Structure formats: C-alpha cells, structure tokens
file start_17.txt (compact mmCIF, C-alpha atoms)
# COMPACT_ATOMS: atom_id res chain seq x y z
CA LYS A 1 115.28 49.43 162.96
CA PHE A 2 115.10 52.83 164.60
CA PHE A 3 112.94 55.91 164.48
CA LYS A 4 114.23 58.96 162.68
CA LYS A 5 112.77 62.33 161.85
CA LYS A 6 112.88 63.24 158.18
CA ILE A 7 113.20 66.97 158.87
CA LEU A 8 115.51 68.44 161.49
CA LYS A 9 114.76 72.10 162.18
CA ASN A 10 117.59 74.10 163.66
CA LEU A 11 119.51 70.95 164.55
CA TYR A 12 121.72 72.56 167.21
CA LYS A 13 119.06 74.97 168.58
CA THR A 14 121.23 77.97 167.81
CA ASN A 15 120.14 81.57 167.33
CA PHE A 16 122.36 82.83 164.53
CA LYS A 17 121.40 85.39 161.89
CA PHE A 18 121.59 83.01 158.87
CA ASN A 19 120.22 79.56 158.05
CA ALA A 20 121.76 76.70 156.09
CA LEU A 21 119.83 73.82 154.53
CA ILE A 22 121.29 70.36 153.83
CA TYR A 23 119.58 67.64 151.77
CA PHE A 24 121.22 64.32 152.62
CA LYS A 25 120.36 61.82 155.43
CA THR A 26 119.31 62.24 159.07
CA ASP A 27 120.13 58.67 160.22
CA ILE A 28 123.40 59.53 161.94
CA PHE A 29 121.61 61.81 164.43
CA PHE A 30 119.18 59.12 165.60
CA SER A 31 121.24 56.02 166.25
CA ASN A 32 124.76 55.57 167.59
CA LEU A 33 124.74 52.15 165.93
CA ILE A 34 124.71 53.70 162.44
CA SER A 35 128.39 54.58 162.54
CA LYS A 36 129.22 51.05 163.71
CA ILE A 37 126.89 49.09 161.40
CA ASN A 38 127.09 51.31 158.32
CA THR A 39 130.70 52.39 157.84
CA HIS A 40 130.02 54.36 154.65
CA THR A 41 131.95 57.61 154.72
CA ASN A 42 128.88 59.72 153.88
CA ASN A 43 127.61 59.32 157.46
CA LYS A 44 130.77 61.04 158.68
CA GLU A 45 130.45 63.66 155.94
CA ILE A 46 126.86 64.55 156.91
CA LYS A 47 127.83 65.13 160.52
CA ALA A 48 130.92 67.10 159.47
CA ILE A 49 128.89 69.32 157.10
CA CYS A 50 126.39 70.12 159.85
CA GLU A 51 129.10 70.83 162.44
CA THR A 52 131.07 73.00 160.00
CA LEU A 53 128.04 75.14 159.17
CA ARG A 54 127.22 75.50 162.86
CA ASP A 55 130.81 76.58 163.53
CA MET A 56 130.43 79.13 160.71
CA ASN A 57 127.46 80.61 162.62
CA TYR A 58 124.57 79.05 160.71
CA ASN A 59 121.37 77.59 162.09
CA VAL A 60 121.43 74.13 160.50
CA PHE A 61 118.36 72.52 158.91
CA LEU A 62 118.62 68.95 157.60
CA ILE A 63 116.30 67.10 155.20
CA ASP A 64 116.44 63.31 154.91
CA ARG A 65 116.53 61.83 151.40
CA ASP A 66 113.31 59.90 152.18
CA ALA A 67 111.34 63.00 153.24
CA LYS A 68 108.03 63.54 151.46
CA ILE A 69 107.28 66.77 149.67
CA GLU A 70 104.67 67.84 152.24
CA GLU A 71 107.27 67.40 155.00
CA ILE A 72 109.79 69.48 153.05
CA ASP A 73 107.15 72.19 152.52
CA ASP A 74 107.20 72.78 156.27
CA LEU A 75 110.48 74.70 155.72
CA LYS A 76 109.18 76.92 152.93
CA ASN A 77 108.84 80.01 155.09
CA GLU A 78 112.51 79.99 156.09
CA ASP A 79 115.20 81.99 154.30
CA PHE A 80 118.44 80.10 153.62
CA GLU A 81 121.82 81.55 152.79
CA ILE A 82 123.19 78.13 151.78
CA PHE A 83 121.68 74.96 150.34
CA ILE A 84 123.87 71.84 150.05
CA SER A 85 122.25 68.97 148.17
CA ASN A 86 123.66 65.46 147.70
CA ALA A 87 122.32 65.36 144.16
CA SER A 88 124.80 63.48 141.96
CA GLY A 89 123.09 60.10 142.40
CA ASN A 90 119.51 58.95 142.84
CA SER A 91 119.02 60.69 146.18
CA ALA A 92 117.67 64.22 146.63
CA ARG A 93 114.62 63.61 144.40
CA PHE A 94 113.11 66.99 145.34
CA HIS A 95 116.32 68.91 144.66
CA ASP A 96 114.78 70.92 141.79
CA TYR A 97 111.57 71.55 143.73
CA ILE A 98 113.49 73.05 146.66
CA ILE A 99 115.56 75.30 144.40
CA ASP A 100 112.44 76.52 142.57
CA ASN A 101 110.26 77.10 145.63
CA PHE A 102 112.57 78.09 148.51
CA SER A 103 114.35 81.35 149.28
CA ILE A 104 118.04 80.41 148.88
CA LYS A 105 121.07 82.63 148.25
CA LYS A 106 123.70 80.03 147.25
CA LYS A 107 122.85 76.56 145.91
CA ILE A 108 125.55 73.88 146.13
CA PHE A 109 125.56 70.62 144.20
CA TYR A 110 127.38 68.08 146.40
CA ALA A 111 128.91 65.54 144.02
CA SER A 112 130.03 62.28 145.59
CA GLY A 113 130.84 60.84 142.15
CA PRO A 114 131.49 61.89 138.54
CA GLU A 115 128.89 63.74 136.45
CA PRO A 116 125.81 61.44 136.23
CA LYS A 117 125.58 61.11 132.42
CA PHE A 118 129.33 60.51 132.11
CA SER A 119 129.20 57.96 134.94
CA ASN A 120 126.26 56.13 133.37
CA GLU A 121 128.09 55.79 130.06
CA LEU A 122 131.11 54.18 131.71
CA VAL A 123 129.01 51.92 133.95
CA SER A 124 126.78 50.81 131.06
CA GLU A 125 129.84 49.89 129.00
CA ARG A 126 130.94 47.54 131.79
CA TYR A 127 127.60 45.73 131.84
CA GLN A 128 127.49 45.41 128.06
CA SER A 129 131.02 43.99 128.02
CA PHE A 130 130.22 41.54 130.84
CA ASP A 131 127.01 40.32 129.16
CA LYS A 132 128.79 39.83 125.84
CA ARG A 133 131.68 37.88 127.36
CA HIS A 134 129.44 35.63 129.45
CA ASN A 135 126.41 35.45 127.13
CA CYS A 136 124.03 36.61 129.86
CA VAL A 137 121.84 39.52 130.95
CA SER A 138 123.15 40.98 134.19
CA VAL A 139 121.28 43.17 136.66
CA ARG A 140 122.07 46.86 136.16
CA ARG A 141 123.24 48.50 139.37
CA ARG A 142 124.65 51.92 140.27
CA LEU A 143 123.04 53.68 137.33
CA VAL A 144 121.68 57.18 137.86
CA ASP A 145 118.12 57.97 136.72
CA ILE A 146 119.06 60.65 134.18
CA LYS A 147 115.46 61.77 133.60
CA LYS A 148 115.24 62.86 137.23
CA ASN A 149 118.74 64.38 137.16
CA ILE A 150 118.65 66.25 133.85
CA ASP A 151 118.12 69.76 135.29
CA ARG A 152 119.94 69.44 138.59
CA LEU A 153 123.07 71.25 137.47
CA LYS A 154 121.33 74.15 135.70
CA LYS A 155 120.22 76.25 138.67
CA ILE A 156 123.13 75.86 141.04
CA ASP A 157 125.90 78.25 142.05
CA GLY A 158 128.73 75.80 142.71
CA ILE A 159 129.81 72.18 142.68
CA PHE A 160 131.55 70.62 145.67
CA TYR A 161 133.01 67.38 144.36
CA ILE A 162 134.59 64.43 146.15
CA GLY A 163 137.45 63.24 143.99
CA ASN A 164 140.37 64.27 141.82
CA ASP A 165 140.68 65.49 138.23
CA PHE A 166 138.76 62.44 136.95
CA SER A 167 135.58 63.78 138.59
CA LYS A 168 136.44 67.44 138.18
CA SER A 169 136.84 67.19 134.40
CA SER A 170 133.39 65.60 134.05
CA TYR A 171 131.72 68.70 135.53
CA GLU A 172 133.74 71.40 133.76
CA LYS A 173 131.29 71.61 130.84
CA TYR A 174 128.70 73.22 133.16
CA ARG A 175 130.97 76.24 133.73
CA LYS A 176 130.20 76.40 137.44
CA PRO A 177 132.73 77.09 140.21
CA LEU A 178 134.31 73.79 141.27
CA PHE A 179 135.58 73.05 144.77
CA GLN A 180 137.40 69.86 145.74
CA LEU A 181 136.67 67.97 148.96
CA LEU A 182 138.52 64.90 150.23
CA PRO A 183 136.55 62.11 151.93
CA ILE A 184 136.90 61.32 155.62
CA ILE A 185 138.65 58.01 156.27
CA ASP A 186 138.57 57.00 159.91
CA ASN A 187 140.78 54.11 160.96
CA LYS A 188 141.93 53.98 164.57
CA PHE A 189 143.93 50.81 163.87
CA SER A 190 147.63 51.53 163.43
CA LEU A 191 150.28 49.13 162.15
CA THR A 192 153.34 48.29 164.22
CA GLU A 193 156.77 48.43 162.62
CA LYS A 194 156.88 44.63 162.78
CA GLU A 195 153.53 44.32 160.95
CA ILE A 196 154.74 46.65 158.21
CA LYS A 197 157.88 44.56 157.67
CA ASN A 198 155.93 41.28 157.84
CA LYS A 199 153.67 42.10 154.89
CA LYS A 200 153.80 39.49 152.12
CA LYS A 201 154.34 40.76 148.58
CA ASN A 202 152.04 38.09 147.16
CA ASN A 203 149.10 39.04 149.43
CA ILE A 204 146.57 41.11 147.46
CA VAL A 205 143.15 42.45 148.48
CA TYR A 206 140.11 43.69 146.61
CA VAL A 207 137.57 45.67 148.64
CA GLY A 208 134.39 47.00 147.05
CA GLY A 209 130.71 47.71 147.59
CA THR A 210 127.53 47.15 145.61
CA GLY A 211 127.82 46.66 141.86
CA LEU A 212 130.60 44.11 141.45
CA ILE A 213 130.48 44.28 137.65
CA CYS A 214 130.80 48.05 137.43
CA LYS A 215 133.42 47.87 140.18
CA GLY A 216 135.47 45.61 137.90
CA LEU A 217 135.73 42.52 140.10
CA ASP A 218 135.24 40.23 137.09
CA ILE A 219 138.30 41.80 135.43
CA VAL A 220 140.31 41.37 138.64
CA ILE A 221 139.32 37.72 139.11
CA ASP A 222 140.02 36.85 135.46
CA ALA A 223 143.50 38.33 135.86
CA PHE A 224 144.36 36.56 139.11
CA LEU A 225 143.25 33.19 137.80
CA ASP A 226 146.30 33.64 135.55
CA LEU A 227 148.50 34.85 138.42
CA PRO A 228 148.78 31.69 140.58
CA ASP A 229 151.81 33.01 142.52
CA PHE A 230 149.58 35.61 144.19
CA LYS A 231 146.82 35.20 146.80
CA LEU A 232 143.76 37.41 146.32
CA ASP A 233 141.32 38.08 149.20
CA ILE A 234 138.00 39.61 148.19
CA PHE A 235 135.64 41.65 150.40
CA GLY A 236 132.31 42.60 148.84
CA PRO A 237 128.60 41.78 148.60
CA GLU A 238 127.59 38.13 148.26
CA ASP A 239 123.98 38.70 147.16
CA GLU A 240 124.68 39.66 143.52
CA ASN A 241 123.69 36.29 142.09
CA ASP A 242 124.06 37.34 138.45
CA PHE A 243 127.77 37.77 139.19
CA TRP A 244 128.42 34.89 141.58
CA ASN A 245 126.47 32.33 139.52
CA ILE A 246 129.26 32.77 136.97
CA TYR A 247 132.28 33.29 139.23
CA LYS A 248 131.77 31.19 142.38
CA ASN A 249 132.86 27.96 140.68
CA LYS A 250 135.71 29.67 138.82
CA ILE A 251 137.47 30.64 142.06
CA LYS A 252 136.78 27.39 143.96
CA GLY A 253 140.02 25.71 144.95
CA LYS A 254 142.08 28.49 143.38
CA ASN A 255 144.29 31.28 144.72
CA ILE A 256 141.24 33.51 145.28
CA PHE A 257 139.25 33.70 148.54
CA PHE A 258 135.89 35.43 148.95
CA HIS A 259 134.86 36.59 152.44
CA GLY A 260 131.61 38.44 151.73
CA PHE A 261 130.95 41.95 152.97
CA VAL A 262 132.85 42.34 156.23
CA SER A 263 132.87 45.47 158.37
CA PRO A 264 136.29 47.17 158.50
CA ASN A 265 135.89 47.07 162.27
CA ARG A 266 135.91 43.25 162.29
CA PHE A 267 139.02 41.23 163.18
CA LEU A 268 138.75 39.16 159.97
CA PHE A 269 138.99 42.27 157.79
CA ARG A 270 141.80 43.89 159.73
CA ASN A 271 143.81 40.68 160.04
CA ILE A 272 143.79 40.03 156.30
CA VAL A 273 144.25 43.63 155.14
CA LYS A 274 147.18 44.39 157.45
CA ARG A 275 149.08 41.47 155.88
CA ALA A 276 148.36 42.61 152.31
CA THR A 277 150.85 44.60 150.25
CA TYR A 278 148.65 45.60 147.30
CA HIS A 279 145.00 46.57 146.71
CA VAL A 280 143.88 45.96 143.12
CA ASN A 281 140.81 47.83 141.85
CA CYS A 282 139.54 48.99 138.46
CA PRO A 283 136.02 50.47 138.81
CA ALA A 284 134.12 52.08 135.93
CA ALA A 285 133.55 55.46 137.59
CA GLU A 286 134.26 56.61 141.14
CA GLY A 287 134.50 59.99 142.80
CA MET A 288 137.33 58.77 145.01
CA ALA A 289 137.07 55.07 145.89
CA THR A 290 136.96 55.09 149.69
CA SER A 291 137.53 51.33 149.89
CA ILE A 292 140.99 51.95 148.43
CA LEU A 293 141.64 54.92 150.71
CA LEU A 294 140.66 52.77 153.71
CA THR A 295 143.19 50.07 152.86
CA ASN A 296 145.80 52.81 152.36
CA THR A 297 145.56 53.38 156.12
CA PHE A 298 146.82 49.79 156.53
CA GLY A 299 149.79 50.54 154.27
CA VAL A 300 148.29 48.66 151.32
CA ILE A 301 149.72 50.04 148.07
CA PRO A 302 147.02 50.88 145.49
CA VAL A 303 147.26 49.24 142.06
CA VAL A 304 144.36 51.01 140.42
CA SER A 305 142.94 52.55 137.26
CA THR A 306 142.40 56.27 136.67
CA SER A 307 138.62 55.80 136.96
CA SER A 308 139.04 54.90 140.66
CA GLY A 309 139.59 58.60 141.35
CA ILE A 310 142.75 57.79 143.31
CA ASP A 311 145.95 59.82 142.92
CA ILE A 312 148.74 57.25 143.03
CA GLU A 313 151.51 59.89 143.21
CA ASN A 314 154.86 58.30 144.19
CA PHE A 315 153.48 55.29 146.05
CA GLY A 316 150.87 53.53 143.88
CA TYR A 317 150.77 51.86 140.48
CA GLU A 318 148.43 52.57 137.57
CA ILE A 319 146.67 49.90 135.54
CA ASN A 320 144.15 49.97 132.71
CA ASN A 321 140.65 48.57 133.11
CA GLU A 322 141.49 45.26 131.50
CA LYS A 323 142.81 41.80 132.41
CA ASN A 324 146.17 41.84 130.63
CA SER A 325 147.14 45.18 132.14
CA ILE A 326 146.68 43.71 135.64
CA ILE A 327 148.60 40.53 134.74
CA ASN A 328 151.51 42.53 133.28
CA LYS A 329 151.67 44.89 136.25
CA PHE A 330 151.76 42.15 138.88
CA ASN A 331 154.35 40.19 136.94
CA GLU A 332 156.46 43.38 137.01
CA LEU A 333 155.86 43.76 140.75
CA LYS A 334 157.45 40.35 141.39
CA ASN A 335 160.79 41.95 140.51
CA VAL A 336 160.49 45.03 142.75
CA SER A 337 162.87 44.81 145.71
CA GLU A 338 161.67 44.48 149.31
CA GLU A 339 163.39 47.80 150.10
CA LYS A 340 161.54 49.71 147.36
CA THR A 341 158.26 48.06 148.31
CA LEU A 342 158.74 49.10 151.94
CA ILE A 343 159.31 52.72 150.87
CA ARG A 344 156.02 52.65 148.96
CA ILE A 345 154.18 51.11 151.93
CA ILE A 346 155.39 53.91 154.21
CA SER A 347 154.52 56.55 151.57
CA THR A 348 151.03 55.04 151.27
CA LEU A 349 150.55 55.31 155.04
CA LYS A 350 151.75 58.93 154.98
CA HIS A 351 149.36 59.80 152.12
CA SER A 352 146.41 58.32 154.03
CA GLU A 353 146.78 61.03 156.69
CA LYS A 354 145.32 63.58 154.22
CA PHE A 355 141.82 62.12 154.56
CA SER A 356 141.00 63.38 158.03
CA LEU A 357 137.93 64.95 159.59
CA SER A 358 139.81 68.17 160.36
CA LEU A 359 141.05 68.57 156.76
CA TYR A 360 137.58 67.85 155.36
CA LYS A 361 136.10 70.60 157.56
CA LYS A 362 138.90 72.99 156.59
CA TYR A 363 138.30 72.42 152.85
CA LEU A 364 134.53 72.66 153.28
CA SER A 365 134.49 75.91 155.26
CA ALA A 366 137.01 77.52 152.86
CA SER A 367 134.92 76.43 149.85
CA ILE A 368 131.70 77.82 151.33
CA TYR A 369 133.42 81.11 152.17
CA ASP A 370 134.91 81.42 148.67
CA LEU A 371 131.57 80.67 146.96
CA LEU A 372 129.73 83.20 149.10
CA HIS A 373 132.26 85.89 148.27
CA GLN A 374 132.48 85.28 144.55
CA LYS A 375 131.15 88.15 142.46
call {"tool": "encode", "arguments": {"input": "start_17.txt", "output": "structure tokens"}}
result
Amino acid sequence: KFFKKKILKNLYKTNFKFNALIYFKTDIFFSNLISKINTHTNNKEIKAICETLRDMNYNVFLIDRDAKIEEIDDLKNEDFEIFISNASGNSARFHDYIIDNFSIKKKIFYASGPEPKFSNELVSERYQSFDKRHNCVSVRRRLVDIKKNIDRLKKIDGIFYIGNDFSKSSYEKYRKPLFQLLPIIDNKFSLTEKEIKNKKKNNIVYVGGTGLICKGLDIVIDAFLDLPDFKLDIFGPEDENDFWNIYKNKIKGKNIFFHGFVSPNRFLFRNIVKRATYHVNCPAAEGMATSILLTNTFGVIPVVSTSSGIDIENFGYEINNEKNSIINKFNELKNVSEEKTLIRIISTLKHSEKFSLSLYKKYLSASIYDLLHQK
C-alpha cells in the first residue's frame, strides 16, 4: 500500500496562461512500483496525457477516480480550457457534476472501450450464452453501470477513443467529433533472429485480463480441446471460480496449460510467449485489446475476432466469436508454409512499432489542437 493524493493541483508547478483538468488516476505519480506491479497501459497513458498537456503549455490538474466530491470542489474556482475524463467505464463517477459546475471550455470524453450501452449488450450476450450452455449462473463482470453513464456523452465537445472502427462506429450516433488514439505498448524485450526462426507453429497463447467469460476464454478452450495437435498456454486471472469450477477439470491432462496471471516482465511469460506463433482471442467488446498488442511485440501473429478492436491488416487472421470458426482456422493454418508464416511474424513485429509513447503523444496533441480550433 502507498499514500496518494486524490487531487494534484498544478502537477508540474508551471506558470502558464491556461489550465487543463484530467479525471483519471493519480497512482502513477506516487509510487515507482505501480509501473512494475500494475502493467496496465492506462498508467502509461495518464502520465503521457499529463506530459503532453504540459508540453502544450498547460498547467496540469489531475483528479483521482476515488476522489470525493468535497475534494473535487476544491478546484471549482479554477478556469479550465480542457477537461479530459476517462468516462467510458465505471470510473469518473463525478464526470457530470464537474461539467455542470466547473468553468471549462472544451470537454473531452476519453473512451478506452466501445460505447457503454453497446458494450454491455455484447458482454451480456456472452454471459447468457455461457449460462445456457453450462446450466449455471455466472458472475457478471466488466459491465458498465448505465444509469450512472446515461448523460455522460450529452455535454461533451469531443470523443478521444482508443481503438479502431469497431469502437469508432459505436460512438458515431452521438454526432460528436471523433479522434483516434493508439495505446502505448512498452516492451523492451526484443527477439533475436534465431528466436524468430525457432518459433513453433503449434505453440498458441491466450492472454487476457478480468472477465474470462466476456473475454471468450471458454470459446477458445472448447475449440482447442478439439485441436490436439496444438499446445495452448493461457495467462489470465485464476480467481474467477464460476469459470474455473467448470473448466479446470476439462483442461487437466490435455493440450492446454494455465499459468494464472503473470506479469509480462516475468521470465515465465516472456519465455512462453517468445516461442508462440499465434495468439488466439475472441472478446465480446474491446477498444483495442492491449494483451494482443503486447504479444505482437514478441512476433506472435494475432488470430482474433473483429470485436477485439485489432486491425489484422496483412499479418493476422480473422475468426468469428465461436468454436467452429477457431477450429477451422487453425486446421487451415497447419497447411501454411514456414516461409509464409515467417513473413507474417516479421510483419507483426513491424506493426507493433506503431504503439509507441511518442506516437501516442503526437496523436493526442494533434487531436487537442484540432478540437480547440474547430468552429
């Protein structure tokens, strides 16, 4: 545990003419361990947003998602040219209050995933399907509280979304300016030429966070139980008992190996992923699945559904969110030559270079500038 302030006034102690307000998390500014323990990309994004605004000559004010309303009120007397709020999920509970009670010129909805109602529909369908197939009642995870989110998109000036057209299309109905951002994927580990050539075509990984059902791991496991020629290594949470009570015995002694949640900085993770050729993933609704983008930096070819938010371009393979689609695709992949597979591995590595800190800052500053200068 560590101490953190919930409100950071003028974070960099600058003396610029204009102020910018961010509603996200303050953790990253109070513990160097955060970036090592919690590898979620939003910690890098928060720091990058603050640094970008400072470099654009703004005094930066940051509100933590756990801040109480009386703490937030302490900033009421300030004038803000920009407000960026991480409001697409269940964070930023006082988003509407700030917009209604603060002096703000441009209000930005920072969307780390698809439009909340659209996302909920897709996620709920996954749970209903799982419960029906297994005759159970699973725990609902990764659902947005729509009652608290219903007005969040009505009083904003622009939407900065993480993702591709899958996310973008879900927000178009609001008729607000849309600006794309790409997540920051930081992997200092680089493959040698020998490691690239030594990858095994039958080595597959699945990497995912909380919400195994809505992330589609059940669909993946069901498929690979019928693909005995492949080896599937799974990285994800082990505390979702409603899921593992059903699946732990199914994978025992099979071609599927579960490692729990393992930090990407750990040897176990890196050693397995660098040997993998494909990453299979079929989530219900993602902005841009960073677990897939991370394995891209190890030259792991994505075999994913559209709802992952990943552009497969000329290097990946598309699947549908169902068992037979995965089985058919991997049976096809058995017949792809080593030479063609190697080309896709190298193309995957090249594509992963797009998700850098410098490019994120470039996109962000350009988007802020364009929004401010729109008539």
call {"tool": "residues_around", "arguments": {"input": "start_17.txt", "residues": "segment 56-65 of chain A", "least_positions_apart": "4", "cutoff": "8 Å", "atoms": "all atoms listed in the file", "output": "PDB file with C-alpha atoms, in the frame of the given file"}}
result
ATOM      1  CA  LYS A   5     112.770  62.330 161.850  1.00  0.00           C
ATOM      2  CA  LYS A   6     112.880  63.240 158.180  1.00  0.00           C
ATOM      3  CA  ILE A   7     113.200  66.970 158.870  1.00  0.00           C
ATOM      4  CA  LEU A   8     115.510  68.440 161.490  1.00  0.00           C
ATOM      5  CA  LYS A   9     114.760  72.100 162.180  1.00  0.00           C
ATOM      6  CA  ASN A  10     117.590  74.100 163.660  1.00  0.00           C
ATOM      7  CA  LEU A  11     119.510  70.950 164.550  1.00  0.00           C
ATOM      8  CA  TYR A  12     121.720  72.560 167.210  1.00  0.00           C
ATOM      9  CA  LYS A  13     119.060  74.970 168.580  1.00  0.00           C
ATOM     10  CA  THR A  14     121.230  77.970 167.810  1.00  0.00           C
ATOM     11  CA  ASN A  15     120.140  81.570 167.330  1.00  0.00           C
ATOM     12  CA  PHE A  16     122.360  82.830 164.530  1.00  0.00           C
ATOM     13  CA  LYS A  17     121.400  85.390 161.890  1.00  0.00           C
ATOM     14  CA  PHE A  18     121.590  83.010 158.870  1.00  0.00           C
ATOM     15  CA  ASN A  19     120.220  79.560 158.050  1.00  0.00           C
ATOM     16  CA  ALA A  20     121.760  76.700 156.090  1.00  0.00           C
ATOM     17  CA  LEU A  21     119.830  73.820 154.530  1.00  0.00           C
ATOM     18  CA  ILE A  22     121.290  70.360 153.830  1.00  0.00           C
ATOM     19  CA  TYR A  23     119.580  67.640 151.770  1.00  0.00           C
ATOM     20  CA  PHE A  24     121.220  64.320 152.620  1.00  0.00           C
ATOM     21  CA  LYS A  25     120.360  61.820 155.430  1.00  0.00           C
ATOM     22  CA  THR A  26     119.310  62.240 159.070  1.00  0.00           C
ATOM     23  CA  ASP A  27     120.130  58.670 160.220  1.00  0.00           C
ATOM     24  CA  CYS A  50     126.390  70.120 159.850  1.00  0.00           C
ATOM     25  CA  THR A  52     131.070  73.000 160.000  1.00  0.00           C
ATOM     26  CA  ILE A  72     109.790  69.480 153.050  1.00  0.00           C
ATOM     27  CA  SER A  91     119.020  60.690 146.180  1.00  0.00           C
ATOM     28  CA  ALA A  92     117.670  64.220 146.630  1.00  0.00           C
ATOM     29  CA  ARG A  93     114.620  63.610 144.400  1.00  0.00           C
ATOM     30  CA  SER A 365     134.490  75.910 155.260  1.00  0.00           C
TER      31      SER A 365
END
call {"tool": "atom_distance", "arguments": {"input": "start_17.txt", "atom1": "atom CA of Ile69 of chain A", "atom2": "atom CA of Lys107 of chain A"}}
result
18.8 Å
call {"tool": "closest_residue", "arguments": {"input": "start_17.txt", "among": "A:Leu268, A:Pro228, A:Glu115, A:Asp157", "to": "Lys173 of chain A", "atoms": "all atoms listed in the file"}}
result
A:Glu115
call {"tool": "closest_residue", "arguments": {"input": "start_17.txt", "among": "A:Phe224, A:Phe166, A:Phe94, A:Phe102", "to": "Ser325 of chain A", "atoms": "only C-alpha atoms"}}
result
A:Phe224
call {"tool": "closest_residue", "arguments": {"input": "start_17.txt", "among": "A:Asn187, A:Ser124, A:Gln180, A:Ser305", "to": "Tyr360 of chain A", "atoms": "all atoms listed in the file"}}
result
A:Gln180
call {"tool": "closest_atom_pairs", "arguments": {"input": "start_17.txt", "of": "segment 207-305 of chain A", "to": "segment 193-196 of chain A", "cutoff": "10 Å", "atoms": "only C-alpha atoms", "output": "Markdown table"}}
result
| residue | atom | partner | partner_atom | distance |
| --- | --- | --- | --- | --- |
| A:Lys274 | CA | A:Glu195 | CA | 7.3 |
| A:Arg275 | CA | A:Glu195 | CA | 7.3 |
| A:Ala276 | CA | A:Ile196 | CA | 9.6 |
| A:Thr277 | CA | A:Ile196 | CA | 9.1 |
| A:Phe298 | CA | A:Ile196 | CA | 8.7 |
| A:Gly299 | CA | A:Ile196 | CA | 7.4 |
| A:Val300 | CA | A:Ile196 | CA | 9.6 |
call {"tool": "atom_distance", "arguments": {"input": "start_17.txt", "atom1": "atom CA of Ser356 of chain A", "atom2": "atom CA of Ile310 of chain A"}}
result
15.8 Å
call {"tool": "residues_around", "arguments": {"input": "start_17.txt", "residues": "Leu178 of chain A", "least_positions_apart": "3", "cutoff": "7 Å", "atoms": "only C-alpha atoms", "output": "count of residues only"}}
result
3
call {"tool": "residues_around", "arguments": {"input": "start_17.txt", "residues": "Thr41 of chain A", "least_positions_apart": "6", "cutoff": "8 Å", "atoms": "only C-alpha atoms", "output": "CSV table (one decimal) with C-alpha atoms, keeping the file's coordinate frame"}}
result
chain,number,residue,atom,x,y,z
A,183,PRO,CA,136.6,62.1,151.9
A,184,ILE,CA,136.9,61.3,155.6
A,185,ILE,CA,138.6,58.0,156.3
A,290,THR,CA,137.0,55.1,149.7
call {"tool": "atom_distance", "arguments": {"input": "start_17.txt", "atom1": "atom CA of Leu349 of chain A", "atom2": "atom CA of Tyr317 of chain A"}}
result
15.0 Å
